[in-house]
Every structure is written in C-alpha cells, then in structure tokens.
Amino acid sequence: MTAAHTLRTKTYVLIALMVCFGPTGDVLLGKGMKQVGALTAWAPAQLAYFLLQAISNPTVWLGISSLLLFFLSYMIVLSWADFSYVLPASAAGYAVVPLLSHLFLAEFVSPLRWTGVAFICLGVALVGNTPPSTTAPARVSAPPAREARPVEGD
C-alpha cells in the first residue's frame, strides 16, 4: 500500500467519523435543549436555573460527548491533511443534519432545503476527488546546535 493510498484511507475514515459525530452531537444537543425549554429572561436567578437544567440533562451530555469526538477526529485529520480539503469534505455532515432532524426531532425539511443539501453534496463530491494533502508534511527537527564559545584563558 502506497503512502498516498494510506493517507487517503486514513483521511476518509476520520472524515466519516466527523460526519457521524458532528451531526449526531448537534441533533442530541438540540433535542436536549428542547427538553430543557427556552430561556425566557436574563435575570441571574433564571439564567442560573436554566444552566442547571441544561447541565443536568443527559441528552445534552450525549450531544457534548459526540461533539468532543467530532473535535478530536477533526484535530487528528488536520494534522496530516490540508484544511482546504478537510473542511469542505466534512461538510457532508450538513447533509446528515436535516435527515436526523426530520427523523429524530420531527422537523419539516422543505424541498428548497433539500435542494441546498444536494448542492452541498455535489461540492463534497468535487472536493473528495482531489488529493487530501498537497503540501509537504511538516518535519520536526532537533533544535539547532549551540555554537561552542571559546573559554577565557585558552
């Protein structure tokens, strides 16, 4: 297996994880916050109660956990692939969000929104046909050697 093939495979796997974890986290967070209810006033007591309700909701924590896994995958893939590749390719998650929202949050997704999703998928397909990395990997090198200074009295 060539290095380029290995890089492409690793990148595809992590982007697939990002596409799973990101939208799942967003939907779980949205569902949890709907369970908490709307913040109706900015008075300190009401704000504190709202935050307490949010941080004690298990669905909110599942969403946060999923988003943390998304962020971890994102950081890892950015360590070897171009940002200009990763961000557009991970936009496939935008196609998953309306589907999950419709299925799990009972939201109506209009035909116009589905058309927008189709355009996003087309863009993702175009980006996916390019190499994940076009730049040379950064090399970690040893710090430069210090020059020997003459000792006085030599």
# chains A, B, ... in the order shown; residues from 1 in each chain; ligands from 1

call {"tool": "select_by_dssp", "arguments": {"residues": "region 1-85 of chain A", "states": "alpha helix (DSSP H)", "output": "ChimeraX atom specification"}}
result
/A:3-36,44-55,58-78,83-85

call {"tool": "closest_atom_pairs", "arguments": {"of": "region 13-50 of chain A", "to": "region 73-92 of chain A", "cutoff": "8 Å", "atoms": "only C-alpha atoms", "output": "Markdown table"}}
result
| residue | atom | partner | partner_atom | distance |
| --- | --- | --- | --- | --- |
| A:Leu14 | CA | A:Ser73 | CA | 5.8 |
| A:Ile15 | CA | A:Ser90 | CA | 5.8 |
| A:Ala16 | CA | A:Ser90 | CA | 7.8 |
| A:Leu17 | CA | A:Ser73 | CA | 6.9 |
| A:Met18 | CA | A:Ser73 | CA | 6.1 |
| A:Val19 | CA | A:Ser90 | CA | 6.0 |

call {"tool": "residues_around", "arguments": {"residues": "region 22-24 of chain A", "least_positions_apart": "6", "cutoff": "7 Å", "atoms": "only C-alpha atoms", "output": "ChimeraX atom specification"}}
result
/A:63,66-67,70,93,96-97

call {"tool": "residues_around", "arguments": {"residues": "region 49-51 of chain A", "least_positions_apart": "4", "cutoff": "12 Å", "atoms": "only C-alpha atoms", "output": "list of chain:residue names"}}
result
A:Met33, A:Lys34, A:Gln35, A:Val36, A:Gly37, A:Ala38, A:Leu39, A:Thr40, A:Ala41, A:Trp42, A:Ala43, A:Pro44, A:Ala45, A:Ile55, A:Ser56, A:Asn57, A:Val60

call {"tool": "write_last_selection", "arguments": {"atoms": "C-alpha atoms", "output": "CSV table (one decimal), in the first residue's frame"}}
result
chain,number,residue,atom,x,y,z
A,33,MET,CA,-32.1,21.9,24.8
A,34,LYS,CA,-35.7,21.4,23.6
A,35,GLN,CA,-36.3,19.2,26.7
A,36,VAL,CA,-34.8,22.0,28.9
A,37,GLY,CA,-37.0,24.6,27.4
A,38,ALA,CA,-36.4,28.2,26.2
A,39,LEU,CA,-34.6,30.8,28.2
A,40,THR,CA,-37.3,33.4,28.9
A,41,ALA,CA,-35.4,36.0,30.8
A,42,TRP,CA,-31.9,37.1,31.5
A,43,ALA,CA,-32.3,37.6,35.2
A,44,PRO,CA,-29.4,36.0,37.1
A,45,ALA,CA,-31.6,33.6,39.0
A,55,ILE,CA,-26.0,20.7,32.5
A,56,SER,CA,-28.2,18.1,34.3
A,57,ASN,CA,-29.8,16.9,31.1
A,60,VAL,CA,-27.2,17.4,26.4

call {"tool": "atom_distance", "arguments": {"atom1": "CA of Gln53 (chain A)", "atom2": "CA of Phe104 (chain A)"}}
result
21.4 Å

call {"tool": "closest_residue", "arguments": {"among": "A:Gly32, A:Pro132, A:Pro111, A:Gly25", "to": "Thr11 (chain A)", "atoms": "only C-alpha atoms"}}
result
A:Pro132

call {"tool": "closest_residue", "arguments": {"among": "A:Phe21, A:His102, A:Gly30, A:Val13", "to": "Leu68 (chain A)", "atoms": "only C-alpha atoms"}}
result
A:Phe21

call {"tool": "atom_distance", "arguments": {"atom1": "CA of Phe119 (chain A)", "atom2": "CA of Leu99 (chain A)"}}
result
15.2 Å

call {"tool": "residues_around", "arguments": {"residues": "Val117 (chain A)", "least_positions_apart": "5", "cutoff": "9 Å", "atoms": "only C-alpha atoms", "output": "PyMOL selection string"}}
result
chain A and resi 92+94-96+98+112+122

call {"tool": "write_last_selection", "arguments": {"atoms": "C-alpha atoms", "output": "mmCIF file, in the first residue's frame"}}
result
data_model
loop_
_atom_site.group_PDB
_atom_site.id
_atom_site.type_symbol
_atom_site.label_atom_id
_atom_site.label_comp_id
_atom_site.auth_asym_id
_atom_site.auth_seq_id
_atom_site.Cartn_x
_atom_site.Cartn_y
_atom_site.Cartn_z
ATOM 1 C CA ALA A 92 -21.133 16.142 4.178
ATOM 2 C CA TYR A 94 -24.597 19.197 6.647
ATOM 3 C CA ALA A 95 -26.456 16.639 4.556
ATOM 4 C CA VAL A 96 -26.921 14.373 7.566
ATOM 5 C CA PRO A 98 -31.646 17.624 8.016
ATOM 6 C CA LEU A 112 -35.785 24.084 -1.008
ATOM 7 C CA LEU A 122 -22.179 17.939 -5.067
#

call {"tool": "atom_distance", "arguments": {"atom1": "CA of Val27 (chain A)", "atom2": "CA of Phe71 (chain A)"}}
result
15.7 Å
